[in-house]
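Q: Got target_15.pdb for you, PDB, C-alpha atoms:
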```pdb
MODEL        1
ATOM      1  CA  ASP A   1       0.000   0.000   0.000
ATOM      2  CA  LEU A   2       1.070   3.618  -0.558
ATOM      3  CA  GLU A   3       1.283   4.481   3.141
ATOM      4  CA  GLY A   4       3.568   1.522   3.824
ATOM      5  CA  PHE A   5       5.755   2.428   0.848
ATOM      6  CA  LEU A   6       6.092   6.050   2.008
ATOM      7  CA  GLN A   7       6.974   4.937   5.542
ATOM      8  CA  GLY A   8       9.613   2.616   4.125
ATOM      9  CA  LEU A   9      10.946   5.440   1.984
ATOM     10  CA  ASP A  10      11.119   7.787   5.004
ATOM     11  CA  GLY A  11      12.707   5.032   7.095
ATOM     12  CA  GLY A  12      15.486   4.321   4.600
ATOM     13  CA  ALA A  13      14.279   0.892   3.503
ATOM     14  CA  TYR A  14      14.906   1.777  -0.157
ATOM     15  CA  ASP A  15      18.146   3.750   0.224
ATOM     16  CA  ASP A  16      20.338   1.089  -1.400
ATOM     17  CA  ALA A  17      17.960   0.742  -4.356
ATOM     18  CA  LEU A  18      17.745   4.510  -4.823
ATOM     19  CA  ALA A  19      21.537   4.830  -4.683
ATOM     20  CA  ALA A  20      21.848   2.074  -7.294
ATOM     21  CA  ILE A  21      19.326   3.843  -9.542
ATOM     22  CA  GLY A  22      21.315   7.083  -9.209
ATOM     23  CA  ARG A  23      24.564   5.314 -10.143
ATOM     24  CA  ARG A  24      22.874   3.658 -13.127
ATOM     25  CA  MET A  25      21.413   6.958 -14.328
ATOM     26  CA  ARG A  26      24.854   8.625 -14.185
ATOM     27  CA  TYR A  27      26.375   5.704 -16.077
ATOM     28  CA  LEU A  28      23.699   5.812 -18.792
ATOM     29  CA  LYS A  29      24.135   9.581 -19.233
ATOM     30  CA  TRP A  30      27.857   9.170 -19.927
ATOM     31  CA  GLN A  31      27.109   6.346 -22.359
ATOM     32  CA  ARG A  32      25.481   8.938 -24.633
ATOM     33  CA  LEU A  33      28.920  10.245 -25.568
ATOM     34  CA  PRO A  34      30.247   8.897 -28.858
ATOM     35  CA  PRO A  35      32.981   6.232 -28.571
ATOM     36  CA  LYS A  36      35.637   8.773 -29.627
ATOM     37  CA  VAL A  37      35.911  12.190 -27.990
ATOM     38  CA  VAL A  38      38.636  14.424 -29.423
ATOM     39  CA  LEU A  39      39.713  17.605 -27.636
ATOM     40  CA  LEU A  40      41.406  20.067 -29.972
ATOM     41  CA  ARG A  41      42.986  23.367 -29.022
ATOM     42  CA  HIS A  42      42.823  26.143 -31.605
ATOM     43  CA  GLY A  43      45.868  26.873 -33.745
ATOM     44  CA  GLN A  44      48.407  29.574 -32.926
ATOM     45  CA  SER A  45      46.614  32.891 -32.412
ATOM     46  CA  GLU A  46      47.577  36.541 -32.444
ATOM     47  CA  GLY A  47      47.659  36.445 -28.658
ATOM     48  CA  ASN A  48      50.186  33.601 -28.669
ATOM     49  CA  VAL A  49      52.737  35.668 -30.606
ATOM     50  CA  ASN A  50      51.904  39.178 -29.362
ATOM     51  CA  ARG A  51      50.887  39.459 -25.697
ATOM     52  CA  THR A  52      50.317  43.217 -26.009
ATOM     53  CA  ILE A  53      47.425  42.695 -28.445
ATOM     54  CA  TYR A  54      45.202  42.047 -25.413
ATOM     55  CA  THR A  55      45.474  45.763 -24.574
ATOM     56  CA  SER A  56      43.593  46.764 -27.730
ATOM     57  CA  LYS A  57      41.653  43.751 -29.020
ATOM     58  CA  GLY A  58      39.061  41.712 -27.173
ATOM     59  CA  ASP A  59      39.984  38.089 -26.509
ATOM     60  CA  ALA A  60      36.963  36.734 -28.395
ATOM     61  CA  HIS A  61      38.111  38.547 -31.556
ATOM     62  CA  LEU A  62      41.696  37.283 -31.694
ATOM     63  CA  GLU A  63      42.396  35.481 -34.955
ATOM     64  CA  LEU A  64      44.715  32.703 -36.057
ATOM     65  CA  THR A  65      48.128  33.587 -37.410
ATOM     66  CA  PRO A  66      49.248  32.100 -40.754
ATOM     67  CA  VAL A  67      51.056  29.436 -38.697
ATOM     68  CA  GLY A  68      47.809  28.740 -36.817
ATOM     69  CA  ILE A  69      45.929  28.277 -40.086
ATOM     70  CA  GLN A  70      48.552  25.790 -41.268
ATOM     71  CA  GLN A  71      48.346  23.981 -37.910
ATOM     72  CA  ALA A  72      44.569  23.689 -38.288
ATOM     73  CA  ARG A  73      44.902  22.321 -41.840
ATOM     74  CA  ALA A  74      47.502  19.788 -40.723
ATOM     75  CA  ALA A  75      45.272  18.724 -37.825
ATOM     76  CA  GLY A  76      42.382  18.316 -40.292
ATOM     77  CA  ALA A  77      44.384  15.818 -42.322
ATOM     78  CA  ARG A  78      45.370  13.825 -39.226
ATOM     79  CA  LEU A  79      41.870  13.885 -37.741
ATOM     80  CA  ALA A  80      40.349  12.712 -41.035
ATOM     81  CA  GLU A  81      42.203   9.426 -40.533
ATOM     82  CA  LEU A  82      41.091   9.181 -36.913
ATOM     83  CA  VAL A  83      37.372   9.661 -37.593
ATOM     84  CA  GLY A  84      37.317   7.313 -40.587
ATOM     85  CA  ASP A  85      33.696   6.939 -41.729
ATOM     86  CA  ASP A  86      32.189   8.123 -38.427
ATOM     87  CA  LYS A  87      29.340  10.559 -38.216
ATOM     88  CA  VAL A  88      30.751  13.531 -36.339
ATOM     89  CA  PHE A  89      29.269  15.840 -33.697
ATOM     90  CA  VAL A  90      31.306  19.051 -33.330
ATOM     91  CA  VAL A  91      31.239  21.276 -30.263
ATOM     92  CA  VAL A  92      33.138  24.520 -30.641
ATOM     93  CA  SER A  93      33.792  27.701 -28.694
ATOM     94  CA  PRO A  94      32.293  30.860 -30.209
ATOM     95  CA  PHE A  95      35.660  32.662 -30.188
ATOM     96  CA  GLU A  96      37.011  33.665 -33.605
ATOM     97  CA  ARG A  97      40.182  31.560 -33.363
ATOM     98  CA  THR A  98      38.264  28.339 -32.671
ATOM     99  CA  GLN A  99      35.839  29.036 -35.520
ATOM    100  CA  GLN A 100      38.808  29.649 -37.843
ATOM    101  CA  THR A 101      40.408  26.432 -36.617
ATOM    102  CA  LEU A 102      37.280  24.484 -37.574
ATOM    103  CA  LEU A 103      37.358  26.018 -41.062
ATOM    104  CA  GLY A 104      41.068  25.149 -41.294
ATOM    105  CA  LEU A 105      40.270  21.545 -40.381
ATOM    106  CA  TYR A 106      37.850  21.373 -43.303
ATOM    107  CA  GLN A 107      40.445  22.899 -45.635
ATOM    108  CA  GLY A 108      42.947  20.275 -44.480
ATOM    109  CA  GLY A 109      40.682  17.370 -45.331
ATOM    110  CA  PHE A 110      38.563  16.856 -42.243
ATOM    111  CA  PRO A 111      35.365  15.326 -43.659
ATOM    112  CA  GLU A 112      32.863  18.197 -43.457
ATOM    113  CA  HIS A 113      30.229  16.008 -45.144
ATOM    114  CA  GLN A 114      30.360  13.662 -42.134
ATOM    115  CA  VAL A 115      29.707  16.486 -39.660
ATOM    116  CA  GLU A 116      26.039  16.108 -38.847
ATOM    117  CA  MET A 117      25.883  18.785 -36.149
ATOM    118  CA  VAL A 118      27.950  21.788 -35.035
ATOM    119  CA  HIS A 119      27.037  22.962 -31.542
ATOM    120  CA  VAL A 120      28.532  26.322 -30.495
ATOM    121  CA  SER A 121      28.878  26.610 -26.728
ATOM    122  CA  SER A 122      30.105  29.650 -24.838
ATOM    123  CA  GLN A 123      30.666  27.366 -21.842
ATOM    124  CA  ILE A 124      33.913  26.113 -23.411
ATOM    125  CA  ARG A 125      35.338  29.548 -24.241
ATOM    126  CA  GLU A 126      38.738  30.713 -23.040
ATOM    127  CA  GLN A 127      39.151  31.627 -19.391
ATOM    128  CA  GLU A 128      38.295  35.303 -19.011
ATOM    129  CA  PHE A 129      41.254  37.391 -17.853
ATOM    130  CA  GLY A 130      39.525  40.780 -18.108
ATOM    131  CA  ASN A 131      38.116  42.832 -20.951
ATOM    132  CA  PHE A 132      41.482  44.327 -21.848
ATOM    133  CA  GLN A 133      44.773  43.432 -20.229
ATOM    134  CA  THR A 134      46.875  46.507 -19.616
ATOM    135  CA  VAL A 135      50.655  46.335 -19.750
ATOM    136  CA  GLY A 136      51.986  45.243 -16.370
ATOM    137  CA  LEU A 137      48.725  43.604 -15.253
ATOM    138  CA  GLN A 138      50.109  40.119 -15.901
ATOM    139  CA  GLU A 139      53.041  40.604 -13.541
ATOM    140  CA  ALA A 140      50.891  42.161 -10.801
ATOM    141  CA  ALA A 141      48.345  39.363 -11.146
ATOM    142  CA  ARG A 142      51.032  36.685 -10.834
ATOM    143  CA  ALA A 143      52.274  38.239  -7.587
ATOM    144  CA  GLU A 144      48.759  38.235  -6.082
ATOM    145  CA  GLN A 145      48.128  34.772  -7.472
ATOM    146  CA  ALA A 146      51.141  33.424  -5.599
ATOM    147  CA  VAL A 147      49.525  34.530  -2.329
ATOM    148  CA  VAL A 148      45.919  33.491  -3.084
ATOM    149  CA  GLY A 149      46.650  30.319  -5.047
ATOM    150  CA  ARG A 150      46.254  29.862  -8.789
ATOM    151  CA  PHE A 151      43.023  27.861  -8.743
ATOM    152  CA  TYR A 152      41.072  30.428  -6.719
ATOM    153  CA  TYR A 153      42.692  33.669  -7.848
ATOM    154  CA  ARG A 154      40.376  35.979  -9.792
ATOM    155  CA  ARG A 155      41.654  39.091 -11.550
ATOM    156  CA  PRO A 156      39.369  42.134 -11.674
ATOM    157  CA  ASN A 157      36.624  41.613 -14.302
ATOM    158  CA  ALA A 158      37.810  38.053 -14.843
ATOM    159  CA  GLU A 159      37.333  34.397 -13.881
ATOM    160  CA  SER A 160      39.297  32.185 -11.540
ATOM    161  CA  SER A 161      40.219  28.667 -12.565
ATOM    162  CA  ALA A 162      37.533  27.534 -10.100
ATOM    163  CA  ASP A 163      34.972  29.569 -12.078
ATOM    164  CA  VAL A 164      36.109  27.868 -15.286
ATOM    165  CA  TYR A 165      35.894  24.455 -13.632
ATOM    166  CA  ASP A 166      32.281  25.151 -12.623
ATOM    167  CA  ARG A 167      31.424  26.428 -16.107
ATOM    168  CA  VAL A 168      32.932  23.398 -17.834
ATOM    169  CA  ALA A 169      31.283  20.978 -15.383
ATOM    170  CA  SER A 170      27.980  22.613 -16.282
ATOM    171  CA  PHE A 171      28.872  22.212 -19.975
ATOM    172  CA  TRP A 172      29.378  18.455 -19.612
ATOM    173  CA  GLU A 173      26.092  18.112 -17.743
ATOM    174  CA  GLU A 174      24.285  20.062 -20.474
ATOM    175  CA  LEU A 175      25.980  18.081 -23.255
ATOM    176  CA  ILE A 176      25.261  14.598 -21.924
ATOM    177  CA  GLY A 177      21.989  15.447 -20.198
ATOM    178  CA  ASN A 178      20.270  17.626 -22.808
ATOM    179  CA  VAL A 179      22.120  18.179 -26.093
ATOM    180  CA  LEU A 180      23.163  14.650 -27.077
ATOM    181  CA  PRO A 181      19.893  12.956 -26.011
ATOM    182  CA  ARG A 182      17.979  15.229 -28.416
ATOM    183  CA  GLN A 183      20.045  14.008 -31.357
ATOM    184  CA  ALA A 184      18.523  11.350 -33.606
ATOM    185  CA  THR A 185      21.945  10.453 -35.027
ATOM    186  CA  GLU A 186      24.356   7.926 -33.523
ATOM    187  CA  TYR A 187      27.741   9.654 -33.631
ATOM    188  CA  GLY A 188      31.038   7.828 -33.774
ATOM    189  CA  THR A 189      33.148  10.889 -32.898
ATOM    190  CA  CYS A 190      32.645  14.049 -30.886
ATOM    191  CA  LEU A 191      35.167  16.756 -31.768
ATOM    192  CA  MET A 192      35.544  19.630 -29.293
ATOM    193  CA  GLY A 193      37.310  22.716 -30.595
ATOM    194  CA  THR A 194      38.288  24.802 -27.618
ATOM    195  CA  HIS A 195      41.144  26.512 -25.773
ATOM    196  CA  GLY A 196      44.153  25.303 -23.834
TER     197      GLY A 196
ENDMDL
END
```
As structure tokens - that is how I would like this structure written.

A:
Amino acid sequence: DLEGFLQGLDGGAYDDALAAIGRRMRYLKWQRLPPKVVLLRHGQSEGNVNRTIYTSKGDAHLELTPVGIQQARAAGARLAELVGDDKVFVVVSPFERTQQTLLGLYQGGFPEHQVEMVHVSSQIREQEFGNFQTVGLQEAARAEQAVVGRFYYRRPNAESSADVYDRVASFWEELIGNVLPRQATEYGTCLMGTHG
């Protein structure tokens, strides 16, 4: 009867079964990921070769250098072999350099015709270090960071590594709990174009 069931539930009689159901649900969620998950950092960007560019250009707008474009094309050729005939689900950061890297992959031979879905997620963007990074800020931040600890240190108008961890944990939950289950296609590879 319902009353007996509710008393058993309140009394802990079903705790082991409920814990097992929770473990099984977590396991099944992770099984939604394709068999191959490839994490790819964008190619060399303007910010990698010129640290002062952050004083005048927003991080989201930084572009690939010619070397970065060649790196993306070379990665496209290598990844084409890895994915084989798989149907591919791409997740990519909205930042310009990751979008350019994806285009470079296609130019290098990554099989665009096998990409069934491109999902752009701001949750996997670069860590935010402030809107613009004035000259000398990096050195001052490193000194404070040494006292506070790198994982928890947050610059003004920026994110700590702990903030990024929370954001990316939320991304994974969204991906396996909501985005992938809505897909009708069985993917063999998930390619994530992001930052390093």

Q: List as a PDB file with C-alpha atoms, in the coordinates of the input the residues having at least one atom at most 12 Å from position (40.1, 27.4, -35.2) as given in the file, counting only C-alpha atoms.

A:
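File written: out29.pdb
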```pdb
ATOM      1  CA  LEU A  40      41.406  20.067 -29.972  1.00  0.00           C
ATOM      2  CA  ARG A  41      42.986  23.367 -29.022  1.00  0.00           C
ATOM      3  CA  HIS A  42      42.823  26.143 -31.605  1.00  0.00           C
ATOM      4  CA  GLY A  43      45.868  26.873 -33.745  1.00  0.00           C
ATOM      5  CA  GLN A  44      48.407  29.574 -32.926  1.00  0.00           C
ATOM      6  CA  SER A  45      46.614  32.891 -32.412  1.00  0.00           C
ATOM      7  CA  ALA A  60      36.963  36.734 -28.395  1.00  0.00           C
ATOM      8  CA  HIS A  61      38.111  38.547 -31.556  1.00  0.00           C
ATOM      9  CA  LEU A  62      41.696  37.283 -31.694  1.00  0.00           C
ATOM     10  CA  GLU A  63      42.396  35.481 -34.955  1.00  0.00           C
ATOM     11  CA  LEU A  64      44.715  32.703 -36.057  1.00  0.00           C
ATOM     12  CA  THR A  65      48.128  33.587 -37.410  1.00  0.00           C
ATOM     13  CA  PRO A  66      49.248  32.100 -40.754  1.00  0.00           C
ATOM     14  CA  VAL A  67      51.056  29.436 -38.697  1.00  0.00           C
ATOM     15  CA  GLY A  68      47.809  28.740 -36.817  1.00  0.00           C
ATOM     16  CA  ILE A  69      45.929  28.277 -40.086  1.00  0.00           C
ATOM     17  CA  GLN A  70      48.552  25.790 -41.268  1.00  0.00           C
ATOM     18  CA  GLN A  71      48.346  23.981 -37.910  1.00  0.00           C
ATOM     19  CA  ALA A  72      44.569  23.689 -38.288  1.00  0.00           C
ATOM     20  CA  ARG A  73      44.902  22.321 -41.840  1.00  0.00           C
ATOM     21  CA  ALA A  74      47.502  19.788 -40.723  1.00  0.00           C
ATOM     22  CA  ALA A  75      45.272  18.724 -37.825  1.00  0.00           C
ATOM     23  CA  GLY A  76      42.382  18.316 -40.292  1.00  0.00           C
ATOM     24  CA  VAL A  91      31.239  21.276 -30.263  1.00  0.00           C
ATOM     25  CA  VAL A  92      33.138  24.520 -30.641  1.00  0.00           C
ATOM     26  CA  SER A  93      33.792  27.701 -28.694  1.00  0.00           C
ATOM     27  CA  PRO A  94      32.293  30.860 -30.209  1.00  0.00           C
ATOM     28  CA  PHE A  95      35.660  32.662 -30.188  1.00  0.00           C
ATOM     29  CA  GLU A  96      37.011  33.665 -33.605  1.00  0.00           C
ATOM     30  CA  ARG A  97      40.182  31.560 -33.363  1.00  0.00           C
ATOM     31  CA  THR A  98      38.264  28.339 -32.671  1.00  0.00           C
ATOM     32  CA  GLN A  99      35.839  29.036 -35.520  1.00  0.00           C
ATOM     33  CA  GLN A 100      38.808  29.649 -37.843  1.00  0.00           C
ATOM     34  CA  THR A 101      40.408  26.432 -36.617  1.00  0.00           C
ATOM     35  CA  LEU A 102      37.280  24.484 -37.574  1.00  0.00           C
ATOM     36  CA  LEU A 103      37.358  26.018 -41.062  1.00  0.00           C
ATOM     37  CA  GLY A 104      41.068  25.149 -41.294  1.00  0.00           C
ATOM     38  CA  LEU A 105      40.270  21.545 -40.381  1.00  0.00           C
ATOM     39  CA  TYR A 106      37.850  21.373 -43.303  1.00  0.00           C
ATOM     40  CA  GLN A 107      40.445  22.899 -45.635  1.00  0.00           C
ATOM     41  CA  MET A 192      35.544  19.630 -29.293  1.00  0.00           C
ATOM     42  CA  GLY A 193      37.310  22.716 -30.595  1.00  0.00           C
ATOM     43  CA  THR A 194      38.288  24.802 -27.618  1.00  0.00           C
ATOM     44  CA  HIS A 195      41.144  26.512 -25.773  1.00  0.00           C
TER      45      HIS A 195
END
```

Q: Which one is closest to Pro181 of chain A: A:Pro34, A:Gly11, A:Ala17, A:Leu2? Count only C-alpha atoms.

A: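 Using only C-alpha atoms, the shortest distance to Pro181 of chain A belongs to A:Pro34.
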
Q: Which one is closest to Gln127 of chain A: A:Cys190, A:Ala141, A:Ala158, A:Leu175? Count all atoms listed in the file.

A: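 Distance minimum relative to Gln127 of chain A lands on A:Ala158.
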
Q: Quick one, how far is atom CA of Gln183 of chain A from atom CA of Ser122 of chain A?

A: 19.7 Å

Q: So which residues touch Val115 of chain A within 12 Å, counting all atoms listed in the file, skipping near sequence neighbours fewer than 5 positions away, as a list of chain:residue names?

A: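 Once the nearby chain positions are removed, what remains is A:Ala80, A:Val83, A:Gly84, A:Asp85, A:Asp86, A:Lys87, A:Val88, A:Phe89, A:Val90, A:Val91, A:Leu102, A:Leu105, A:Tyr106, A:Phe110, A:Thr185, A:Glu186, A:Tyr187, A:Gly188, A:Thr189, A:Cys190, A:Leu191.
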
Q: Quote the spacing between atom CA of Asp166 of chain A and atom CA of Tyr153 of chain A in Å to one decimal place.

A: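 Distance reported for this atom pair: 14.3 Å.
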
Q: On this file, the PyMOL selection byres ((chain A and resi 171) around 12) gives some set of residues; write that set as a list in words.

A: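 That expression, the PyMOL selection byres ((chain A and resi 171) around 12), corresponds here to Val91, Val92, Ser93, His119, Val120, Ser121, Ser122, Gln123, Ile124, Arg125, Val164, Tyr165, Asp166, Arg167, Val168, Ala169, Ser170, Trp172, Glu173, Glu174, Leu175, Ile176, Gly177, Asn178, Val179, Leu180 and Met192 of chain A.
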
Q: Any idea what the distance is between atom CA of Gly136 of chain A and atom CA of Arg51 of chain A?

A: 11.0 Å

Q: Considering all atoms listed in the file, state which residue in the set A:Met25, A:Glu112, A:Thr52, A:Tyr14 is at the smallest distance from Leu137 of chain A.

A: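 The closest residue to Leu137 of chain A is A:Thr52.
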
Q: Starting from the shown file, work through the PyMOL selection byres ((chain A and resi 129) around 12) and note down what comes out as a ChimeraX atom specification.

A: /A:54-55,58-60,125-128,130-134,137-138,141,153-161,163-164

Q: Let me make sure I understand: among A:Leu82, A:Ala19, A:Asp10, A:Ile53, which one has the smallest atom-to-atom distance to Val38 of chain A if we use only C-alpha atoms?

A: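 Result for the nearest residue to Val38 of chain A: A:Leu82.
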